[in-house]
>>> print(open('input09.cif').read())   # mmCIF, C-alpha atoms
data_work
loop_
_atom_site.label_atom_id
_atom_site.label_comp_id
_atom_site.auth_asym_id
_atom_site.auth_seq_id
_atom_site.Cartn_x
_atom_site.Cartn_y
_atom_site.Cartn_z
CA MET C 1121 6.19 -5.95 -7.60
CA ILE C 1122 6.00 -2.36 -6.34
CA CYS C 1123 4.02 0.29 -8.19
CA TRP C 1124 4.97 3.88 -7.39
CA ILE C 1125 2.39 6.40 -8.59
CA ASN C 1126 3.46 9.97 -9.32
CA PRO C 1127 0.29 12.03 -9.90
CA PHE C 1128 2.06 14.96 -11.52
CA THR C 1129 -1.13 16.87 -12.35
CA GLY C 1130 -3.66 14.73 -10.51
CA LEU C 1131 -5.26 11.31 -10.75
CA ALA C 1132 -8.27 9.81 -12.50
CA GLY C 1133 -9.23 6.22 -13.13
CA ASP C 1134 -8.64 6.38 -16.89
CA MET C 1135 -5.25 8.05 -16.40
CA LEU C 1136 -4.10 5.32 -14.00
CA LEU C 1137 -5.32 2.58 -16.35
CA ALA C 1138 -3.53 4.23 -19.28
CA ALA C 1139 -0.28 4.54 -17.29
CA LEU C 1140 -0.37 0.85 -16.33
CA LEU C 1141 -0.91 -0.13 -19.96
CA ASP C 1142 1.95 2.18 -20.95
CA ALA C 1143 4.17 0.46 -18.37
CA GLY C 1144 3.55 -2.94 -19.92
CA ALA C 1145 0.22 -4.29 -18.68
CA PRO C 1146 -1.39 -6.28 -21.53
CA ILE C 1147 -4.74 -4.90 -22.65
CA GLU C 1148 -6.41 -8.24 -23.41
CA PRO C 1149 -6.66 -9.42 -19.76
CA VAL C 1150 -8.10 -6.01 -18.93
CA ARG C 1151 -10.78 -6.37 -21.60
CA ALA C 1152 -11.48 -9.95 -20.49
CA ALA C 1153 -11.93 -8.91 -16.86
CA VAL C 1154 -14.41 -6.18 -17.85
CA ALA C 1155 -16.27 -8.52 -20.23
CA ALA C 1156 -16.72 -11.03 -17.40
CA THR C 1157 -18.78 -8.46 -15.48
CA GLY C 1158 -21.58 -8.79 -18.03
CA LEU C 1159 -21.35 -5.13 -19.06
CA THR C 1160 -22.40 -4.82 -22.70
CA GLY C 1161 -22.15 -2.19 -25.39
CA TRP C 1162 -18.61 -0.92 -24.75
CA GLU C 1163 -15.21 -0.84 -26.39
CA LEU C 1164 -11.84 -0.11 -24.75
CA THR C 1165 -9.00 1.21 -26.90
CA ALA C 1166 -5.61 2.77 -26.17
CA GLU C 1167 -3.65 5.22 -28.28
CA ARG C 1168 -0.23 6.81 -28.13
CA VAL C 1169 -0.28 10.58 -27.69
CA SER C 1170 2.20 13.36 -27.05
CA GLU C 1171 1.58 15.70 -24.13
CA HIS C 1172 3.87 18.74 -24.32
CA GLY C 1173 6.54 16.56 -25.90
CA LEU C 1174 6.06 13.64 -23.48
CA ALA C 1175 4.91 10.38 -25.05
CA ALA C 1176 2.05 8.79 -23.14
CA THR C 1177 -0.94 6.46 -23.50
CA ARG C 1178 -4.55 7.60 -23.44
CA VAL C 1179 -7.48 5.19 -23.12
CA HIS C 1180 -10.94 5.61 -24.59
CA VAL C 1181 -14.15 3.91 -23.50
CA ARG C 1182 -16.64 4.05 -26.35
CA VAL C 1183 -20.26 3.03 -25.89
CA THR C 1184 -21.16 0.91 -28.92
CA ASP C 1185 -24.79 0.33 -27.96
CA HIS C 1186 -26.68 3.47 -29.01
CA ALA C 1187 -29.52 2.48 -26.69
CA VAL C 1188 -27.20 3.01 -23.75
CA ASP C 1189 -26.43 6.55 -22.65
CA HIS C 1190 -22.76 7.15 -21.86
CA ALA C 1191 -23.67 9.02 -18.67
CA VAL C 1192 -26.38 6.62 -17.54
CA GLU C 1193 -27.35 6.86 -13.87
CA ARG C 1194 -27.09 3.61 -11.92
CA ARG C 1195 -27.50 2.58 -8.33
CA ALA C 1196 -24.21 1.79 -6.64
CA ALA C 1197 -25.49 -1.72 -5.94
CA GLU C 1198 -25.77 -2.36 -9.69
CA LEU C 1199 -22.16 -1.35 -10.29
CA ILE C 1200 -20.97 -3.46 -7.37
CA ALA C 1201 -22.90 -6.48 -8.69
CA LEU C 1202 -21.24 -6.08 -12.07
CA ALA C 1203 -17.76 -5.72 -10.59
CA SER C 1204 -18.22 -8.78 -8.37
CA ALA C 1205 -18.42 -10.93 -11.51
CA ALA C 1206 -15.01 -9.83 -12.81
CA VAL C 1207 -12.29 -12.47 -13.14
CA PRO C 1208 -10.04 -13.52 -11.59
CA GLN C 1209 -11.32 -13.15 -8.02
CA PRO C 1210 -8.59 -10.78 -6.75
CA VAL C 1211 -9.56 -8.38 -9.54
CA ALA C 1212 -13.22 -8.53 -8.53
CA ALA C 1213 -12.32 -7.97 -4.87
CA ARG C 1214 -10.35 -4.79 -5.60
CA ALA C 1215 -12.96 -3.42 -7.98
CA VAL C 1216 -15.76 -4.07 -5.50
CA ALA C 1217 -13.74 -2.41 -2.72
CA ALA C 1218 -13.35 0.75 -4.83
CA LEU C 1219 -17.04 0.92 -5.69
CA GLN C 1220 -18.11 0.23 -2.12
CA ALA C 1221 -15.92 3.10 -0.96
CA ILE C 1222 -17.65 5.41 -3.46
CA ALA C 1223 -21.09 4.16 -2.40
CA GLU C 1224 -20.35 4.73 1.29
CA VAL C 1225 -19.15 8.31 0.91
CA GLU C 1226 -21.96 9.22 -1.51
CA ALA C 1227 -24.50 7.78 0.91
CA ARG C 1228 -23.01 9.73 3.80
CA ILE C 1229 -22.94 12.98 1.82
CA HIS C 1230 -26.56 12.59 0.64
CA ASP C 1231 -27.84 10.94 3.84
CA ALA C 1232 -28.90 7.82 1.94
CA ASP C 1233 -28.53 4.04 2.15
CA PRO C 1234 -25.29 2.85 0.48
CA ALA C 1235 -27.19 -0.04 -1.10
CA SER C 1236 -29.67 2.24 -2.84
CA VAL C 1237 -27.68 5.43 -3.42
CA HIS C 1238 -27.73 6.57 -7.05
CA LEU C 1239 -24.50 7.52 -8.78
CA HIS C 1240 -24.85 10.27 -11.34
CA GLU C 1241 -21.50 11.19 -12.93
CA LEU C 1242 -20.07 7.85 -11.72
CA GLY C 1243 -22.84 5.60 -12.98
CA GLY C 1244 -21.65 5.12 -16.56
CA HIS C 1245 -19.74 2.47 -18.46
CA ASP C 1246 -16.43 4.24 -17.97
CA THR C 1247 -16.54 3.82 -14.19
CA ILE C 1248 -16.81 0.04 -14.45
CA VAL C 1249 -14.16 -0.14 -17.17
CA ASP C 1250 -11.74 2.09 -15.24
CA VAL C 1251 -12.18 0.38 -11.87
CA VAL C 1252 -12.12 -3.20 -13.12
CA GLY C 1253 -9.46 -2.31 -15.69
CA VAL C 1254 -7.03 -0.88 -13.13
CA ALA C 1255 -7.54 -3.89 -10.85
CA ALA C 1256 -6.94 -6.26 -13.79
CA ALA C 1257 -3.83 -4.38 -14.95
CA MET C 1258 -2.34 -4.41 -11.44
CA HIS C 1259 -3.04 -8.14 -11.21
CA ALA C 1260 -1.48 -8.84 -14.61
CA LEU C 1261 1.67 -6.95 -13.61
CA GLY C 1262 1.95 -8.81 -10.30
CA VAL C 1263 1.75 -5.61 -8.22
CA ASP C 1264 1.42 -6.31 -4.50
CA ASP C 1265 2.55 -2.97 -3.06
CA VAL C 1266 1.27 0.45 -4.18
CA VAL C 1267 2.96 3.69 -3.08
CA CYS C 1268 1.71 7.13 -4.09
CA ALA C 1269 3.26 10.57 -3.99
CA PRO C 1270 1.13 13.38 -2.49
CA LEU C 1271 -1.92 14.20 -4.59
CA PRO C 1272 -2.19 17.73 -6.01
CA LEU C 1273 -5.62 19.24 -5.34
CA GLY C 1274 -7.07 21.99 -7.51
CA THR C 1275 -9.42 24.75 -6.46
CA GLY C 1276 -12.38 26.61 -7.88
CA ARG C 1277 -15.71 25.09 -8.86
CA VAL C 1278 -16.92 22.03 -10.74
CA ARG C 1279 -20.33 21.32 -12.21
CA SER C 1280 -22.23 18.26 -10.95
CA ALA C 1281 -25.71 16.75 -11.26
CA HIS C 1282 -26.62 18.74 -8.13
CA GLY C 1283 -25.31 22.04 -9.49
CA VAL C 1284 -22.03 23.91 -9.06
CA ILE C 1285 -19.96 22.68 -6.13
CA PRO C 1286 -16.50 23.57 -4.79
CA ALA C 1287 -13.41 21.72 -5.95
CA PRO C 1288 -12.29 19.28 -4.73
CA ALA C 1289 -15.71 17.65 -4.77
CA PRO C 1290 -17.08 16.50 -1.38
CA ALA C 1291 -16.96 12.83 -2.43
CA THR C 1292 -13.31 13.17 -3.44
CA LEU C 1293 -12.35 14.78 -0.14
CA ALA C 1294 -14.16 12.06 1.82
CA LEU C 1295 -12.39 9.34 -0.15
CA LEU C 1296 -9.03 11.03 0.47
CA THR C 1297 -9.27 10.74 4.26
CA GLY C 1298 -5.81 9.66 5.40
CA ALA C 1299 -4.18 10.49 2.07
CA ALA C 1300 -1.27 12.89 1.57
CA VAL C 1301 -2.25 15.95 -0.49
CA ILE C 1302 -0.68 19.21 -1.63
CA GLY C 1303 -2.07 22.33 -3.26
CA THR C 1304 -1.63 23.10 -6.95
CA ASP C 1305 -2.20 26.07 -9.21
CA ILE C 1306 -4.29 23.96 -11.60
CA PRO C 1307 -7.93 25.07 -11.38
CA GLY C 1308 -10.85 22.64 -11.17
CA GLU C 1309 -10.92 18.93 -10.50
CA THR C 1310 -7.48 17.30 -10.45
CA VAL C 1311 -8.34 14.15 -8.48
CA THR C 1312 -11.56 12.32 -9.32
CA PRO C 1313 -13.62 10.20 -6.91
CA THR C 1314 -12.77 7.12 -8.99
CA GLY C 1315 -9.05 7.83 -8.73
CA ALA C 1316 -9.29 8.36 -4.99
CA ALA C 1317 -11.40 5.21 -4.51
CA LEU C 1318 -8.90 3.12 -6.47
CA LEU C 1319 -6.07 4.22 -4.17
CA ARG C 1320 -8.16 3.02 -1.23
CA ALA C 1321 -8.93 -0.32 -2.86
CA LEU C 1322 -5.26 -0.82 -3.72
CA ASP C 1323 -4.22 -0.13 -0.08
CA ALA C 1324 -1.91 2.59 -1.38
CA ARG C 1325 0.64 4.07 1.00
CA PHE C 1326 1.66 7.72 0.87
CA ASP C 1327 5.39 7.40 1.47
CA PRO C 1328 8.66 8.46 -0.19
CA VAL C 1329 9.83 6.56 -3.26
CA PRO C 1330 10.36 2.98 -2.07
CA ALA C 1331 13.71 1.21 -2.30
CA MET C 1332 13.42 -0.83 -5.48
CA THR C 1333 15.07 -1.84 -8.72
CA VAL C 1334 13.21 0.02 -11.47
CA ARG C 1335 11.79 -2.21 -14.21
CA ALA C 1336 9.42 0.03 -16.19
CA THR C 1337 7.74 3.43 -16.19
CA GLY C 1338 4.51 4.35 -17.94
CA TYR C 1339 2.66 7.62 -18.51
CA GLY C 1340 -1.13 7.88 -18.66
CA ALA C 1341 -2.68 10.97 -20.24
CA GLY C 1342 -5.96 12.49 -19.17
CA THR C 1343 -8.57 13.94 -21.51
CA ARG C 1344 -8.06 17.49 -20.26
CA SER C 1345 -5.41 19.65 -21.98
CA LEU C 1346 -3.30 22.00 -19.87
CA ALA C 1347 -1.59 25.06 -21.30
CA ASP C 1348 1.82 24.71 -19.70
CA ARG C 1349 2.39 21.09 -18.70
CA PRO C 1350 1.53 17.51 -19.66
CA ASN C 1351 -1.64 16.26 -17.99
CA VAL C 1352 -0.27 12.86 -17.05
CA VAL C 1353 0.16 10.44 -14.19
CA ALA C 1354 3.32 8.35 -14.10
CA VAL C 1355 3.66 4.84 -12.67
CA THR C 1356 7.00 3.20 -12.01
CA LEU C 1357 7.23 -0.55 -11.51
CA GLY C 1358 10.08 -2.08 -9.56
CA GLU C 1359 11.26 -5.07 -7.62
CA ARG C 1360 11.78 -4.66 -3.88
CA LEU C 1361 15.37 -4.29 -2.74
CA ARG C 1362 16.30 -6.97 -0.27
CA GLY C 1363 17.76 -5.54 2.92
CA GLY C 1364 19.42 -7.92 5.36
CA GLY C 1365 16.74 -7.49 8.03
CA GLY C 1366 13.67 -7.50 5.87
CA GLY C 1367 14.52 -9.69 2.93
CA GLY C 1368 15.56 -12.77 4.79
CA ASP C 1369 18.42 -13.49 2.37
CA GLY C 1370 21.21 -12.24 4.61
CA GLY C 1371 22.43 -9.63 2.14
CA GLY C 1372 23.19 -6.12 3.29
CA GLY C 1373 21.93 -2.86 1.89
CA GLY C 1374 19.60 0.03 2.50
CA ASP C 1375 15.84 -0.03 2.59
CA VAL C 1376 12.88 2.02 3.75
CA VAL C 1377 10.88 0.86 6.77
CA THR C 1378 8.12 2.23 8.98
CA VAL C 1379 8.30 2.88 12.72
CA LEU C 1380 5.06 2.55 14.69
CA GLU C 1381 4.97 4.07 18.16
CA THR C 1382 2.37 4.46 20.87
CA ASN C 1383 2.50 5.81 24.45
CA LEU C 1384 1.05 3.49 27.10
CA ASP C 1385 0.49 4.20 30.77
CA ASP C 1386 -2.33 1.75 31.54
CA VAL C 1387 -1.01 -1.67 30.50
CA THR C 1388 0.91 -4.18 32.56
CA GLY C 1389 4.36 -5.51 31.85
CA GLU C 1390 2.80 -8.84 30.94
CA VAL C 1391 0.68 -7.17 28.26
CA LEU C 1392 3.71 -5.31 26.90
CA GLY C 1393 5.63 -8.55 26.62
CA HIS C 1394 2.68 -10.25 24.96
CA VAL C 1395 2.28 -7.47 22.38
CA ILE C 1396 5.98 -7.49 21.56
CA ALA C 1397 5.89 -11.26 21.04
CA ARG C 1398 2.70 -11.07 18.96
CA SER C 1399 4.17 -8.30 16.82
CA LEU C 1400 7.29 -10.29 16.02
CA GLU C 1401 5.18 -13.32 15.18
CA ALA C 1402 3.05 -11.14 12.88
CA GLY C 1403 6.07 -9.98 10.89
CA ALA C 1404 7.56 -6.99 12.71
CA LEU C 1405 11.27 -6.63 11.99
CA ASP C 1406 11.84 -5.56 15.60
CA ALA C 1407 9.77 -4.59 18.63
CA TRP C 1408 10.75 -2.97 21.92
CA ALA C 1409 9.53 -0.76 24.75
CA THR C 1410 11.22 2.17 26.47
CA PRO C 1411 10.30 3.53 29.91
CA ALA C 1412 8.80 7.02 29.98
CA VAL C 1413 7.32 9.49 32.44
CA MET C 1414 3.89 10.43 31.13
CA LYS C 1415 1.66 13.39 31.92
CA LYS C 1416 0.83 13.97 35.61
CA GLY C 1417 4.02 12.08 36.48
CA ARG C 1418 2.55 8.69 35.62
CA PRO C 1419 5.11 5.98 34.75
CA GLY C 1420 4.56 4.43 31.35
CA HIS C 1421 6.20 3.00 28.26
CA VAL C 1422 6.61 3.87 24.61
CA LEU C 1423 6.03 0.78 22.48
CA HIS C 1424 7.96 0.76 19.20
CA LEU C 1425 7.59 -1.52 16.16
CA LEU C 1426 9.89 -1.56 13.15
CA VAL C 1427 7.87 -2.92 10.22
CA ARG C 1428 7.96 -3.37 6.47
CA PRO C 1429 5.76 -0.81 4.67
CA GLN C 1430 3.45 -3.52 3.36
CA ASP C 1431 2.90 -4.80 6.94
CA ARG C 1432 2.19 -1.36 8.42
CA ASP C 1433 -1.59 -1.47 8.51
CA THR C 1434 -1.78 -5.04 9.85
CA LEU C 1435 0.61 -4.35 12.73
CA GLN C 1436 -0.98 -0.99 13.45
CA GLU C 1437 -4.31 -2.75 13.90
CA LEU C 1438 -2.63 -5.27 16.21
CA LEU C 1439 -1.45 -2.40 18.43
CA PHE C 1440 -4.93 -0.91 18.60
CA VAL C 1441 -6.58 -4.24 19.44
CA GLU C 1442 -4.02 -5.59 21.92
CA THR C 1443 -3.25 -2.39 23.88
CA GLY C 1444 -6.45 -0.37 23.58
CA THR C 1445 -4.40 2.69 22.61
CA LEU C 1446 -6.23 5.56 20.93
CA GLY C 1447 -3.37 6.66 18.68
CA VAL C 1448 -0.32 5.32 16.84
CA ARG C 1449 2.44 7.49 15.38
CA ARG C 1450 3.85 6.43 12.02
CA SER C 1451 7.14 7.55 10.53
CA THR C 1452 9.13 6.41 7.52
CA VAL C 1453 12.86 5.93 8.03
CA ASP C 1454 15.84 4.84 5.97
CA ARG C 1455 18.03 2.15 7.44
CA MET C 1456 21.30 0.50 6.47
CA VAL C 1457 21.51 -3.22 7.19
CA LEU C 1458 24.79 -5.13 7.24
CA PRO C 1459 24.96 -8.66 5.82
CA ARG C 1460 24.79 -11.60 8.18
CA TRP C 1461 25.01 -15.38 8.02
CA PHE C 1462 24.40 -18.29 10.36
CA GLU C 1463 26.22 -21.47 11.25
CA THR C 1464 25.34 -24.31 13.61
CA VAL C 1465 27.85 -25.68 16.09
CA HIS C 1466 27.33 -28.60 18.48
CA VAL C 1467 28.15 -28.14 22.14
CA ASP C 1468 28.47 -31.66 23.57
CA GLY C 1469 26.05 -32.83 20.87
CA VAL C 1470 23.47 -30.05 21.33
CA PRO C 1471 23.04 -27.73 18.30
CA VAL C 1472 23.52 -23.98 18.81
CA SER C 1473 23.04 -21.42 16.03
CA VAL C 1474 25.64 -18.64 15.81
CA LYS C 1475 24.89 -15.40 13.94
CA HIS C 1476 27.83 -13.77 12.14
CA GLY C 1477 28.22 -10.22 10.92
CA PRO C 1478 31.12 -8.24 9.47
CA HIS C 1479 32.30 -7.19 12.93
CA GLY C 1480 31.49 -10.06 15.24
CA ALA C 1481 29.44 -13.13 16.06
CA LYS C 1482 26.93 -14.14 18.73
CA PRO C 1483 25.17 -17.40 19.66
CA GLU C 1484 21.38 -17.35 19.55
CA HIS C 1485 20.06 -16.97 23.11
CA ASP C 1486 17.13 -19.40 22.76
CA ASP C 1487 19.51 -22.15 21.61
CA LEU C 1488 21.82 -21.39 24.52
CA VAL C 1489 18.95 -21.76 27.01
CA VAL C 1490 17.96 -25.14 25.56
CA ALA C 1491 21.55 -26.39 25.53
CA ALA C 1492 22.20 -25.16 29.08
CA GLY C 1493 19.13 -27.04 30.30
CA ARG C 1494 20.15 -30.27 28.61
CA LEU C 1495 23.79 -30.10 29.69
CA GLY C 1496 23.25 -28.76 33.19
CA LEU C 1497 25.57 -25.83 32.55
CA PRO C 1498 25.24 -22.05 32.95
CA VAL C 1499 24.16 -20.22 29.81
CA ARG C 1500 27.39 -18.23 29.87
CA ALA C 1501 29.47 -21.39 29.82
CA VAL C 1502 27.55 -22.79 26.85
CA ALA C 1503 28.02 -19.48 25.00
CA GLU C 1504 31.78 -19.58 25.56
CA ARG C 1505 31.98 -23.14 24.22
CA ALA C 1506 29.84 -22.27 21.20
CA MET C 1507 32.10 -19.36 20.33
CA ARG C 1508 35.22 -21.52 20.60
CA LEU C 1509 33.64 -23.98 18.17
CA SER C 1510 32.47 -21.27 15.78
CA SER C 1511 34.34 -20.55 12.57
CA GLY C 1512 34.38 -16.93 13.66
CA SER C 1513 36.45 -17.64 16.78
CA VAL C 1514 39.99 -16.38 17.14
CA ALA C 1515 42.65 -19.02 17.80
#
>>> encode(input="input09.cif", output="C-alpha cells")
Amino acid sequence: MICWINPFTGLAGDMLLAALLDAGAPIEPVRAAVAATGLTGWELTAERVSEHGLAATRVHVRVTDHAVDHAVERRAAELIALASAAVPQPVAARAVAALQAIAEVEARIHDADPASVHLHELGGHDTIVDVVGVAAAMHALGVDDVVCAPLPLGTGRVRSAHGVIPAPAPATLALLTGAAVIGTDIPGETVTPTGAALLRALDARFDPVPAMTVRATGYGAGTRSLADRPNVVAVTLGERLRGGGGGGDGGGGGDVVTVLETNLDDVTGEVLGHVIARSLEAGALDAWATPAVMKKGRPGHVLHLLVRPQDRDTLQELLFVETGTLGVRRSTVDRMVLPRWFETVHVDGVPVSVKHGPHGAKPEHDDLVVAAGRLGLPVRAVAERAMRLSSGSVA
C-alpha cells in the first residue's frame, strides 16, 4: 500500500496520526502498541472536527496521572527504550528510528552525547504516543511505500526551552536534510521535529504523486487555528498500479520510475559490466552505460539505472559502494509500458523462450546461446527456427 502525504499547512506527529486514523487505521492497535511500551498515565482519543468547512480528525493525548507533568523532560535514551518495547517489532523499529534521528540531531546541535542528550519539548508523553502511534497506524494499514509532497516551512520565531529561536527550529532543519521544502506565508513553526523525524523513519520519498489506485483519503487537524485555511495534513492511500516492466504481470500501462545516473572515468569495463549485472540482480528494471568524453578530454561512461521508487535508495547505495562514485543524479520520470507475454518453443527438443509484444516478437538471447551450444548451430540459425515455431510467426 502506498501512502501519499500532502502537508497542506505543514506536518506534526499528531496531525499525521490523526490523518491515518481518518483514512481508516483502527485506533485500538495504535493504543495497544503504545501500551506495550510501558508508558503509563496517558489516554489517546480522536474526535471529528471541522476546519474551515473541511471535516477532519484531531487526536488528543491526555495525561491521566497527575503526578506526571505533560511536558516532562526525559533523556532520549529513555524514550528510545520505551519505543523499543512496542509491538509488533516493525512498529518498534520505525518508532526507534524516529527517536534516534531526533537524538542524533539534538546531540549535534548541543554538542552532547546522543545517549545522554535531554529532550525538553520532545520529552513528554505525546512524543511517544505520536511516534509509536504513527508507526502502528502505518503497519495496520499495510503501508510499505511513503511519498510526501514538498513541506511548507514557516518563518519568524518560536519559543523553546533555550529561549527564542528562529523558525524553522535548528532540529527541524537538521532532520529535513534531503527533504523537499517550499516557503509559505504561515508564520511560526509549520513542521515539527517529530513530523520530520517520522518522515525519515518511514523512508519517505519526495516525489510527484505516485501512480496508484486511490482507496482512501484522510485529513488530520492540528491544534493550531489558522485564519484563512484549514490547518490539516492529508494522506491518500492507494494500491500500486502495475506497469508491464515493473509489475511482473505482463500488463501494459503507465507508471512512475526513477532514473539514477553517475559519471565514471576511473572504472574498467569489467567493473561496469559487473555493476550492471549486480543492479539487475538487485531489482533494477534496466541498466546500461553510454560512452562520454569527460572533463580534460578523459574518456568515460555514464552509468544509468531505471528503478522502482521503493528500490531507489538500495540501488543508489549499490552504485556508491561498487563504483566509488562521489555523486548520483536522481530524476523521476513517467513511462508508458506496453503489454507483453511469453511462450516456450522447442528447437530440436531444446526449450527457447520467446517474448511477444503488440508489434513483434523476439527469442530470449540467453536461451538461444544455450540451444546453439547444445545443437552445434549458430545463434542466428536457432533464432530463425524459434521464430518459425512461434505462434507469432507469419506463415
>>> residues_around(input="input09.cif", residues="Val1311 in chain C", least_positions_apart="3", cutoff="7 Å", atoms="all atoms listed in the file", output="MDAnalysis selection string")
chainID C and resid 1130:1132 1273 1315:1316
>>> closest_residue(input="input09.cif", among="C:Ile1222, C:Ala1176, C:Leu1346, C:Met1414", to="Leu1319 in chain C", atoms="all atoms listed in the file")
C:Ile1222
>>> resolve_selection(input="input09.cif", expression="the PyMOL selection byres ((chain C and resi 1313) around 9)", output="ChimeraX atom specification")
/C:1132-1133,1222,1242,1289,1291-1296,1311-1312,1314-1318
>>> residues_around(input="input09.cif", residues="Arg1178 in chain C", least_positions_apart="2", cutoff="9 Å", atoms="all atoms listed in the file", output="ChimeraX atom specification")
/C:1134-1135,1137-1139,1142,1165-1169,1176,1180,1339-1343
>>> resolve_selection(input="input09.cif", expression="the PyMOL selection byres ((chain C and resi 1148-1150) around 8)", output="PDB file with C-alpha atoms, keeping the file's coordinate frame")
ATOM      1  CA  PRO C1146      -1.390  -6.280 -21.530  1.00  0.00           C
ATOM      2  CA  ILE C1147      -4.740  -4.900 -22.650  1.00  0.00           C
ATOM      3  CA  ARG C1151     -10.780  -6.370 -21.600  1.00  0.00           C
ATOM      4  CA  ALA C1152     -11.480  -9.950 -20.490  1.00  0.00           C
ATOM      5  CA  ALA C1153     -11.930  -8.910 -16.860  1.00  0.00           C
ATOM      6  CA  VAL C1154     -14.410  -6.180 -17.850  1.00  0.00           C
ATOM      7  CA  VAL C1252     -12.120  -3.200 -13.120  1.00  0.00           C
ATOM      8  CA  GLY C1253      -9.460  -2.310 -15.690  1.00  0.00           C
ATOM      9  CA  VAL C1254      -7.030  -0.880 -13.130  1.00  0.00           C
ATOM     10  CA  ALA C1256      -6.940  -6.260 -13.790  1.00  0.00           C
ATOM     11  CA  ALA C1257      -3.830  -4.380 -14.950  1.00  0.00           C
ATOM     12  CA  ALA C1260      -1.480  -8.840 -14.610  1.00  0.00           C
TER      13      ALA C1260
END
>>> closest_residue(input="input09.cif", among="C:Gly1173, C:Gly1161, C:Gly1393, C:Pro1411", to="Asp1348 in chain C", atoms="all atoms listed in the file")
C:Gly1173
>>> closest_residue(input="input09.cif", among="C:Leu1159, C:Leu1384, C:Leu1495, C:Val1391", to="Thr1445 in chain C", atoms="only C-alpha atoms")
C:Leu1384
>>> resolve_selection(input="input09.cif", expression="the PyMOL selection byres ((chain C and resi 1276) around 7)", output="list of chain:residue names")
C:Thr1275, C:Arg1277, C:Pro1286, C:Ala1287, C:Pro1307, C:Gly1308
>>> atom_distance(input="input09.cif", atom1="CA of Asn1383 in chain C", atom2="CA of Ala1409 in chain C")
9.6 Å
>>> residues_near_point(input="input09.cif", point="(-2.5, -4.4, -5.1)", cutoff="8 Å", atoms="only C-alpha atoms", output="ChimeraX atom specification")
/C:1214,1255,1258-1259,1263-1266,1321-1324
>>> atom_distance(input="input09.cif", atom1="CA of Ile1396 in chain C", atom2="CA of Thr1378 in chain C")
16.0 Å
>>> atom_distance(input="input09.cif", atom1="CA of Asp1385 in chain C", atom2="CA of Arg1398 in chain C")
19.4 Å
>>> residues_around(input="input09.cif", residues="range 1433-1444 of chain C", least_positions_apart="6", cutoff="10 Å", atoms="all atoms listed in the file", output="list in words")
Asp1323, Arg1325, Leu1380, Glu1381, Thr1382, Leu1384, Asp1386, Val1387, Thr1388, Val1391, Leu1392, His1394, Val1395, Ile1396, Arg1398, Ser1399, Leu1400, Ala1402, Gly1403, Ala1404, Leu1423, His1424, Leu1425, Leu1426, Val1427 and Arg1450 of chain C
